[in-house]
Amino acid sequence: MRIERVVLRNYRQFQKIMVSFHKRPDTDLNYIIGTNGTGKTNLLNALNWCLYGDEPHLSKDSQRLPLLNLRVVERTDIGQEREVAVEVWAKTFQGKPITFCRKSKFRKQDEREITHLGNVFEVMYEDDRGNTIIVTDDAAGMWVERFVPKSIREFFFFDGERLDNYFKEATRQNIRHAVFQISQLDLLENRVERKLQDIIDEITREAGRMSPKIKEARAKLKQDQGSFKELETRVGECLKQIEIAKNMINDYNDKLIDVPDVEDLENKKSSLEFEFNNTRELLLKKENEKNKILLEYGTILMLWDAIKKANEIIIEKRQNQEIPPPINKSYIDELLQNDICSVCGRQLDDDSRKQVQKLLSEVEHSSESNNRFVQMEYPLSEYIKMVTEYEDKVSMITRDISIHNKRLTSIENDKNQIDKQMAGYDKELIRNWYQERAKYENLRDENQQLFGRLELMLKNARDELEKSQKDLDNEIKKDKKVKHLYKKISFCERALKVAGTTRDKMMQETRDRIEAETKKYFFKLVWKKETFSNIIISDDYGISLIHTMGYDCLGSVSAGERELLALSFTLALHHASGFDAPIFIDTPVARISDVNRENFAKVLCEVSTLKQTVLFFTPDEYSFAISRYLDGRASGRYQLKLSEDERVAILEEL
Amino acid sequence: MGRVPDRLAIDKSDRALYDNDIIQNEIFEGKTRKEQFLFAMSIGFRNGVRSPLNVGDGFFLSKDMRSEDEALIDSLALFISESEDTLSDREEVFKIAEEYAHAGIKILFDDITSMQPGSYNKKLEVELASIIEDL
């Protein structure tokens, strides 16, 4: 199916516009250029609104505005009704016209309120005899499902801003589900398998009515089937959570590439600050110690000449025995009074007593000046000793101070380095990213553990279910009354098995085909031919892009290459599905760097030779790298502008 | 034996110098009055300047002096008077110490306030090193 034209009336920015998508024998590429706000994305919304009744790409600004065009609203009298209509004119692959049309009626109640009166959706097509048939509501919806089913429209109507995130956002289960639907395998499951199961259920119910034992076994089977299904759902949900968590972790890893680990740096800075304060305290302590030494030794050294001279006088006097021995008078008094030597504890004999009395006499009869000399003698000798230690003491403490100062400078430098690393970054945002990543890592780990437990439970439930099934089969088999029913059940079960095997086989074949087609498109379109060696789509639809070095590099390739893979996968899905629908891409190169834009332009030209391609560019996007390829290749070129009052979009063919 | 004064004095005008914030921060912080006095005295002696007190103002009690402190002021008195008898005249010994401290605290104040904050200790360290060198 090909969309020939889209007609919009009173839809958002579009008062009355018809976009015809031209085709040439060699290409089917149309593009529309428009600045932000002119309505490019709303053209995509208009397609969705017409076919599915919703607008999935609506911007926040547009969400605040009515569906009815603003100029029309202004020019409508109170109480008057107006209609919004979008028509999609298409042609089937047999070349027969088909038109999808959605209309919405509104009434202007007052200057502020517009009431929605209702929707009409109709499909107009030509039957085999050439008669025009119009169908509405559900019947019309069926035609849309044959055109592009709603559940897989994301593979046909793209938003380029999100294309790069395609493999991150689309979980394996979603892709699997899409393939399931796109390959119409759901018909086999929903219509054949479910019907067979219903028949089996009905027959066993009938058998149960004839035998209480069968009834009991059937109830047990039903119960086990319920438990098994519930567990299967839980396993599926668990896998989905793991997948979402993994995607989010990858997403945050991408965001955090080349971004400093703010939390780690802040922790380091905080440790440095703690060490800085401790070192500064140690430094202050050492400086105080040095200050004390300088003051203490300063007093002695500056008095050195006086100390030295006094000491010389004392030494001379001591040599000449002009000064008494350095003995404390009260100590001698005590000794004589107690008559016991305070050193050896022996009682003083006459000689000793005489000696002590002689000493006492010397001390008593010495002049006051000489006694002063005796008092000075010891402290001065200590000062002389102290002076010899001064240099060592000062140099040691100066060395300690220097070490602390160096450490403080080094810490200060480290802190500045950290500040430089963090400068210009939104710390709060980065911290939030780290926290979010940690949250998803926890979610992944928790669900992986849960998955392990659920798998075991599922295995047990499967065993139990098989046992219940056997028990029921045996009950039915041995009861003669229901022998005729047993044959029917056996037949249906065999048919069900065949249907299941067929479905699995078809699913496998579809997967193989999609994998082969994705590879074919990707390696045909990719500009770095030597970088990648393979694309693998696993049984559970996990997609791996294999580097020539042998590792999966999907997480680390450029946005352009990832977008190309998404596009290749989509083309493969189109091919596998048999839905020959067009592909619409809004802002296709928004996330692609200038270098790869040229490559991507070539890719889009290639795609347009395979299927109808409609692209919406901003003028910035439509740079020389794009225009040099697309200008000559496009079969239709348009420009979108806004009227002077910015109420209406104007479409000009270029 | 002569009268022993019960305290050592500074000139009344010097109290403000001893309590000056800059001097306190640079060298005297956490030091006793006795230590401050002896340091000022040693500076006066080192610079060979002695200055009589105009109005005496008791600074610390003489009983707070230990033998090692007394040895310093006795050495100074002995050196200046060149007479052993001075040692028995405690009033004279204290007077000599007070006059050198009076001169010394002014020198210290001028020194400290004429240089960058935090640099007095460096200067003192250099001066002490030169004394050590001459020993």
# chains A, B, ... in the order shown; residues from 1 in each chain; ligands from 1
>>> interface_residues(of="chain B", to="chain A", cutoff="10 Å", atoms="only C-alpha atoms", output="number ranges by chain")
B: 1, 26-31, 35-47, 66-80, 82-89, 121-122, 124-125, 127-129, 131-132, 135
>>> select_by_dssp(residues="chain B", states="strand (DSSP E)", output="list in words")
Arg7, Leu8, Ala9, Ile10, Asp11, Gly56, Asp57, Gly58, Phe59, Phe60 and Leu61 of chain B
>>> write_last_selection(atoms="C-alpha atoms", output="PDB file, in the first residue's frame")
ATOM      1  CA  ARG B   7      57.290  41.937  92.266  1.00  0.00           C
ATOM      2  CA  LEU B   8      58.978  42.914  89.044  1.00  0.00           C
ATOM      3  CA  ALA B   9      57.609  45.940  87.309  1.00  0.00           C
ATOM      4  CA  ILE B  10      57.287  47.310  83.850  1.00  0.00           C
ATOM      5  CA  ASP B  11      56.741  50.903  82.854  1.00  0.00           C
ATOM      6  CA  GLY B  56      56.557  51.431  87.665  1.00  0.00           C
ATOM      7  CA  ASP B  57      53.667  49.015  87.265  1.00  0.00           C
ATOM      8  CA  GLY B  58      53.892  45.590  88.953  1.00  0.00           C
ATOM      9  CA  PHE B  59      53.952  42.879  86.257  1.00  0.00           C
ATOM     10  CA  PHE B  60      54.516  39.583  88.070  1.00  0.00           C
ATOM     11  CA  LEU B  61      55.431  38.396  91.563  1.00  0.00           C
TER      12      LEU B  61
END
>>> residues_around(residues="Lys222 of chain A", least_positions_apart="2", cutoff="12 Å", atoms="only C-alpha atoms", output="JSON list (two decimals) with all heavy atoms, in the first residue's frame")
[["chain", "number", "residue", "atom", "x", "y", "z"],
["A", 201, "ASP", "N", -11.43, -28.32, 26.37],
["A", 201, "ASP", "CA", -12.07, -27.92, 27.63],
["A", 201, "ASP", "C", -13.53, -28.38, 27.67],
["A", 201, "ASP", "O", -14.01, -28.91, 28.67],
["A", 201, "ASP", "CB", -12.01, -26.39, 27.79],
["A", 201, "ASP", "CG", -10.68, -25.94, 28.33],
["A", 201, "ASP", "OD1", -9.85, -26.82, 28.65],
["A", 201, "ASP", "OD2", -10.44, -24.72, 28.40],
["A", 204, "THR", "N", -13.75, -32.25, 27.99],
["A", 204, "THR", "CA", -13.41, -32.75, 29.34],
["A", 204, "THR", "C", -14.49, -32.34, 30.35],
["A", 204, "THR", "O", -14.77, -33.06, 31.29],
["A", 204, "THR", "CB", -12.03, -32.22, 29.81],
["A", 204, "THR", "OG1", -11.99, -30.82, 29.64],
["A", 204, "THR", "CG2", -10.87, -32.86, 29.09],
["A", 205, "ARG", "N", -15.06, -31.14, 30.12],
["A", 205, "ARG", "CA", -16.15, -30.73, 31.02],
["A", 205, "ARG", "C", -17.31, -31.72, 30.91],
["A", 205, "ARG", "O", -17.88, -32.15, 31.91],
["A", 205, "ARG", "CB", -16.62, -29.32, 30.66],
["A", 205, "ARG", "CG", -17.46, -28.68, 31.76],
["A", 205, "ARG", "CD", -17.92, -27.27, 31.43],
["A", 205, "ARG", "NE", -16.83, -26.33, 31.30],
["A", 205, "ARG", "CZ", -16.55, -25.67, 30.18],
["A", 205, "ARG", "NH1", -17.27, -25.86, 29.09],
["A", 205, "ARG", "NH2", -15.55, -24.83, 30.12],
["A", 214, "ILE", "N", -13.23, -37.88, 37.09],
["A", 214, "ILE", "CA", -12.74, -37.05, 35.98],
["A", 214, "ILE", "C", -12.93, -35.58, 36.33],
["A", 214, "ILE", "O", -12.07, -34.74, 36.09],
["A", 214, "ILE", "CB", -13.47, -37.41, 34.66],
["A", 214, "ILE", "CG1", -13.08, -38.83, 34.23],
["A", 214, "ILE", "CG2", -13.13, -36.42, 33.55],
["A", 214, "ILE", "CD1", -13.85, -39.35, 33.04],
["A", 215, "LYS", "N", -14.09, -35.30, 36.95],
["A", 215, "LYS", "CA", -14.39, -33.92, 37.33],
["A", 215, "LYS", "C", -13.32, -33.38, 38.29],
["A", 215, "LYS", "O", -12.83, -32.24, 38.16],
["A", 215, "LYS", "CB", -15.78, -33.87, 38.01],
["A", 215, "LYS", "CG", -16.31, -32.48, 38.19],
["A", 215, "LYS", "CD", -17.69, -32.51, 38.81],
["A", 215, "LYS", "CE", -18.17, -31.07, 39.00],
["A", 215, "LYS", "NZ", -19.47, -31.05, 39.67],
["A", 216, "GLU", "N", -12.98, -34.28, 39.23],
["A", 216, "GLU", "CA", -11.96, -33.91, 40.22],
["A", 216, "GLU", "C", -10.59, -33.67, 39.55],
["A", 216, "GLU", "O", -9.92, -32.67, 39.80],
["A", 216, "GLU", "CB", -11.85, -35.04, 41.25],
["A", 216, "GLU", "CG", -11.21, -34.63, 42.55],
["A", 216, "GLU", "CD", -11.12, -35.83, 43.48],
["A", 216, "GLU", "OE1", -12.16, -36.51, 43.67],
["A", 216, "GLU", "OE2", -10.02, -36.10, 43.97],
["A", 217, "ALA", "N", -10.22, -34.64, 38.65],
["A", 217, "ALA", "CA", -8.92, -34.52, 37.96],
["A", 217, "ALA", "C", -8.88, -33.29, 37.08],
["A", 217, "ALA", "O", -7.86, -32.60, 36.97],
["A", 217, "ALA", "CB", -8.67, -35.78, 37.12],
["A", 218, "ARG", "N", -10.02, -32.96, 36.48],
["A", 218, "ARG", "CA", -10.08, -31.79, 35.61],
["A", 218, "ARG", "C", -9.93, -30.50, 36.41],
["A", 218, "ARG", "O", -9.24, -29.56, 36.00],
["A", 218, "ARG", "CB", -11.44, -31.81, 34.88],
["A", 218, "ARG", "CG", -11.54, -30.73, 33.84],
["A", 218, "ARG", "CD", -12.85, -30.80, 33.09],
["A", 218, "ARG", "NE", -12.93, -29.64, 32.23],
["A", 218, "ARG", "CZ", -13.38, -28.46, 32.62],
["A", 218, "ARG", "NH1", -13.83, -28.31, 33.86],
["A", 218, "ARG", "NH2", -13.40, -27.44, 31.78],
["A", 219, "ALA", "N", -10.59, -30.51, 37.59],
["A", 219, "ALA", "CA", -10.48, -29.32, 38.46],
["A", 219, "ALA", "C", -9.03, -29.11, 38.88],
["A", 219, "ALA", "O", -8.53, -27.97, 38.89],
["A", 219, "ALA", "CB", -11.37, -29.50, 39.68],
["A", 220, "LYS", "N", -8.37, -30.25, 39.19],
["A", 220, "LYS", "CA", -6.96, -30.16, 39.59],
["A", 220, "LYS", "C", -6.11, -29.61, 38.42],
["A", 220, "LYS", "O", -5.24, -28.74, 38.61],
["A", 220, "LYS", "CB", -6.48, -31.57, 40.00],
["A", 220, "LYS", "CG", -4.98, -31.68, 40.30],
["A", 220, "LYS", "CD", -4.67, -31.12, 41.66],
["A", 220, "LYS", "CE", -3.28, -31.41, 42.16],
["A", 220, "LYS", "NZ", -2.22, -30.97, 41.36],
["A", 224, "ASP", "N", -3.90, -26.26, 38.25],
["A", 224, "ASP", "CA", -2.47, -26.27, 37.93],
["A", 224, "ASP", "C", -2.16, -25.41, 36.70],
["A", 224, "ASP", "O", -1.13, -24.75, 36.64],
["A", 224, "ASP", "CB", -1.97, -27.70, 37.69],
["A", 224, "ASP", "CG", -1.94, -28.50, 38.99],
["A", 224, "ASP", "OD1", -2.03, -27.84, 40.06],
["A", 224, "ASP", "OD2", -1.83, -29.73, 38.94],
["A", 225, "GLN", "N", -3.10, -25.43, 35.75],
["A", 225, "GLN", "CA", -2.92, -24.58, 34.55],
["A", 225, "GLN", "C", -2.90, -23.11, 34.96],
["A", 225, "GLN", "O", -2.09, -22.32, 34.48],
["A", 225, "GLN", "CB", -4.05, -24.82, 33.55],
["A", 225, "GLN", "CG", -3.80, -26.03, 32.67],
["A", 225, "GLN", "CD", -5.00, -26.36, 31.80],
["A", 225, "GLN", "OE1", -6.13, -25.94, 32.09],
["A", 225, "GLN", "NE2", -4.77, -27.14, 30.76],
["A", 226, "GLY", "N", -3.82, -22.77, 35.88],
["A", 226, "GLY", "CA", -3.89, -21.39, 36.37],
["A", 226, "GLY", "C", -2.59, -20.98, 37.04],
["A", 226, "GLY", "O", -2.04, -19.91, 36.77],
["A", 227, "SER", "N", -2.09, -21.89, 37.92],
["A", 227, "SER", "CA", -0.84, -21.59, 38.64],
["A", 227, "SER", "C", 0.32, -21.43, 37.66],
["A", 227, "SER", "O", 1.14, -20.52, 37.79],
["A", 227, "SER", "CB", -0.48, -22.72, 39.62],
["A", 227, "SER", "OG", -1.55, -22.98, 40.45],
["A", 228, "PHE", "N", 0.36, -22.35, 36.67],
["A", 228, "PHE", "CA", 1.44, -22.32, 35.70],
["A", 228, "PHE", "C", 1.41, -21.02, 34.89],
["A", 228, "PHE", "O", 2.43, -20.35, 34.71],
["A", 228, "PHE", "CB", 1.32, -23.53, 34.77],
["A", 228, "PHE", "CG", 2.46, -23.63, 33.80],
["A", 228, "PHE", "CD1", 3.71, -24.05, 34.21],
["A", 228, "PHE", "CD2", 2.29, -23.28, 32.46],
["A", 228, "PHE", "CE1", 4.78, -24.13, 33.32],
["A", 228, "PHE", "CE2", 3.35, -23.36, 31.56],
["A", 228, "PHE", "CZ", 4.59, -23.79, 32.00],
["A", 229, "LYS", "N", 0.22, -20.64, 34.47],
["A", 229, "LYS", "CA", 0.06, -19.42, 33.67],
["A", 229, "LYS", "C", 0.48, -18.20, 34.48],
["A", 229, "LYS", "O", 1.15, -17.28, 33.98],
["A", 229, "LYS", "CB", -1.41, -19.30, 33.22],
["A", 229, "LYS", "CG", -1.54, -18.49, 31.96],
["A", 229, "LYS", "CD", -2.78, -18.87, 31.20],
["A", 229, "LYS", "CE", -2.66, -18.35, 29.80],
["A", 229, "LYS", "NZ", -3.16, -19.17, 28.80],
["A", 464, "GLU", "N", 4.10, -30.55, 37.75],
["A", 464, "GLU", "CA", 2.81, -30.77, 38.40],
["A", 464, "GLU", "C", 1.69, -30.77, 37.36],
["A", 464, "GLU", "O", 0.79, -31.61, 37.40],
["A", 464, "GLU", "CB", 2.58, -29.65, 39.43],
["A", 464, "GLU", "CG", 1.46, -29.88, 40.42],
["A", 464, "GLU", "CD", 1.71, -31.06, 41.34],
["A", 464, "GLU", "OE1", 2.89, -31.42, 41.59],
["A", 464, "GLU", "OE2", 0.72, -31.65, 41.78],
["A", 465, "LEU", "N", 1.82, -29.84, 36.39],
["A", 465, "LEU", "CA", 0.82, -29.71, 35.34],
["A", 465, "LEU", "C", 0.81, -30.96, 34.46],
["A", 465, "LEU", "O", -0.27, -31.50, 34.14],
["A", 465, "LEU", "CB", 1.16, -28.47, 34.49],
["A", 465, "LEU", "CG", 0.16, -28.09, 33.40],
["A", 465, "LEU", "CD1", -1.18, -27.72, 34.02],
["A", 465, "LEU", "CD2", 0.69, -26.89, 32.59],
["A", 466, "GLU", "N", 1.99, -31.45, 34.12],
["A", 466, "GLU", "CA", 2.07, -32.67, 33.29],
["A", 466, "GLU", "C", 1.46, -33.85, 34.01],
["A", 466, "GLU", "O", 0.76, -34.67, 33.42],
["A", 466, "GLU", "CB", 3.54, -32.95, 32.93],
["A", 466, "GLU", "CG", 4.01, -32.09, 31.77],
["A", 466, "GLU", "CD", 5.51, -32.17, 31.55],
["A", 466, "GLU", "OE1", 6.16, -33.02, 32.19],
["A", 466, "GLU", "OE2", 6.02, -31.35, 30.75],
["A", 468, "SER", "N", -0.85, -33.70, 36.35],
["A", 468, "SER", "CA", -2.31, -33.51, 36.38],
["A", 468, "SER", "C", -2.92, -33.89, 35.04],
["A", 468, "SER", "O", -4.00, -34.49, 34.99],
["A", 468, "SER", "CB", -2.65, -32.05, 36.68],
["A", 468, "SER", "OG", -2.15, -31.67, 37.90],
["A", 469, "GLN", "N", -2.23, -33.52, 33.97],
["A", 469, "GLN", "CA", -2.71, -33.83, 32.63],
["A", 469, "GLN", "C", -2.77, -35.36, 32.44],
["A", 469, "GLN", "O", -3.76, -35.89, 31.95],
["A", 469, "GLN", "CB", -1.77, -33.19, 31.59],
["A", 469, "GLN", "CG", -2.19, -33.35, 30.14],
["A", 469, "GLN", "CD", -3.46, -32.57, 29.81],
["A", 469, "GLN", "OE1", -3.50, -31.36, 29.99],
["A", 469, "GLN", "NE2", -4.51, -33.26, 29.37],
["A", 472, "LEU", "N", -5.58, -36.86, 34.45],
["A", 472, "LEU", "CA", -6.88, -36.65, 33.80],
["A", 472, "LEU", "C", -7.02, -37.61, 32.61],
["A", 472, "LEU", "O", -8.06, -38.26, 32.45],
["A", 472, "LEU", "CB", -7.01, -35.19, 33.35],
["A", 472, "LEU", "CG", -8.30, -34.84, 32.61],
["A", 472, "LEU", "CD1", -9.52, -35.03, 33.52],
["A", 472, "LEU", "CD2", -8.27, -33.40, 32.09]]
>>> residues_around(residues="segment 644-653 of chain A", least_positions_apart="4", cutoff="10 Å", atoms="only C-alpha atoms", output="VMD selection string")
chain A and resid 10 to 20 32 to 34 37 to 40 69 to 72 74 636 to 640
>>> write_last_selection(atoms="N, CA and C atoms", output="compact mmCIF listing (two decimals), in the first residue's frame")
# COMPACT_ATOMS: atom_id res chain seq x y z
N ASN A 10 -8.63 22.03 8.86
CA ASN A 10 -8.81 22.60 10.21
C ASN A 10 -8.10 21.78 11.30
N TYR A 11 -7.14 20.98 10.91
CA TYR A 11 -6.42 20.16 11.90
C TYR A 11 -5.20 20.95 12.40
N ARG A 12 -5.24 21.33 13.66
CA ARG A 12 -4.14 22.07 14.31
C ARG A 12 -3.62 23.22 13.44
N GLN A 13 -2.31 23.23 13.05
CA GLN A 13 -1.80 24.38 12.27
C GLN A 13 -2.37 24.41 10.85
N PHE A 14 -3.00 23.31 10.44
CA PHE A 14 -3.35 23.19 9.01
C PHE A 14 -4.82 23.53 8.78
N GLN A 15 -5.02 24.67 8.06
CA GLN A 15 -6.41 25.06 7.80
C GLN A 15 -6.95 24.28 6.61
N LYS A 16 -6.21 24.30 5.54
CA LYS A 16 -6.59 23.45 4.40
C LYS A 16 -5.33 23.16 3.61
N ILE A 17 -4.91 21.92 3.70
CA ILE A 17 -3.64 21.56 3.03
C ILE A 17 -3.76 20.19 2.41
N MET A 18 -3.18 20.05 1.25
CA MET A 18 -3.09 18.72 0.65
C MET A 18 -1.62 18.44 0.34
N VAL A 19 -1.13 17.34 0.87
CA VAL A 19 0.26 16.96 0.58
C VAL A 19 0.22 15.76 -0.35
N SER A 20 0.71 15.96 -1.56
CA SER A 20 0.75 14.83 -2.51
C SER A 20 2.15 14.24 -2.50
N ILE A 32 9.82 17.02 3.56
CA ILE A 32 9.22 18.30 3.94
C ILE A 32 10.19 18.97 4.92
N ILE A 33 10.50 20.24 4.61
CA ILE A 33 11.41 20.98 5.50
C ILE A 33 10.59 22.03 6.24
N GLY A 34 10.83 22.15 7.53
CA GLY A 34 10.11 23.18 8.29
C GLY A 34 10.79 23.43 9.61
N GLY A 37 7.81 24.00 15.09
CA GLY A 37 6.55 24.71 15.32
C GLY A 37 5.73 24.90 14.06
N THR A 38 6.29 24.58 12.88
CA THR A 38 5.51 24.77 11.65
C THR A 38 4.57 23.60 11.38
N GLY A 39 4.78 22.51 12.06
CA GLY A 39 3.81 21.42 11.96
C GLY A 39 4.31 20.13 11.35
N LYS A 40 5.62 19.94 11.26
CA LYS A 40 6.15 18.69 10.68
C LYS A 40 5.65 17.49 11.49
N ASN A 69 -8.20 24.17 14.32
CA ASN A 69 -7.24 25.23 13.98
C ASN A 69 -7.62 26.56 14.67
N LEU A 70 -6.62 27.25 15.21
CA LEU A 70 -6.86 28.46 16.01
C LEU A 70 -7.51 29.59 15.20
N ARG A 71 -7.11 29.73 13.95
CA ARG A 71 -7.70 30.81 13.15
C ARG A 71 -9.18 30.51 12.89
N VAL A 72 -9.47 29.23 12.68
CA VAL A 72 -10.86 28.82 12.46
C VAL A 72 -11.66 29.08 13.73
N GLU A 74 -11.10 31.37 15.95
CA GLU A 74 -11.32 32.82 16.05
C GLU A 74 -12.42 33.30 15.11
N GLY A 636 9.53 14.35 -4.47
CA GLY A 636 8.68 15.47 -4.04
C GLY A 636 9.36 16.23 -2.92
N ARG A 637 9.35 17.60 -3.02
CA ARG A 637 10.03 18.40 -2.01
C ARG A 637 9.10 19.53 -1.56
N TYR A 638 8.94 19.66 -0.27
CA TYR A 638 8.04 20.68 0.26
C TYR A 638 8.71 21.48 1.36
N GLN A 639 8.13 22.67 1.55
CA GLN A 639 8.59 23.49 2.67
C GLN A 639 7.37 23.93 3.46
N LEU A 640 7.48 23.85 4.77
CA LEU A 640 6.37 24.28 5.64
C LEU A 640 6.74 25.60 6.28
>>> atom_distance(atom1="atom CA of Met1 of chain A", atom2="atom CA of Thr570 of chain A")
16.4 Å
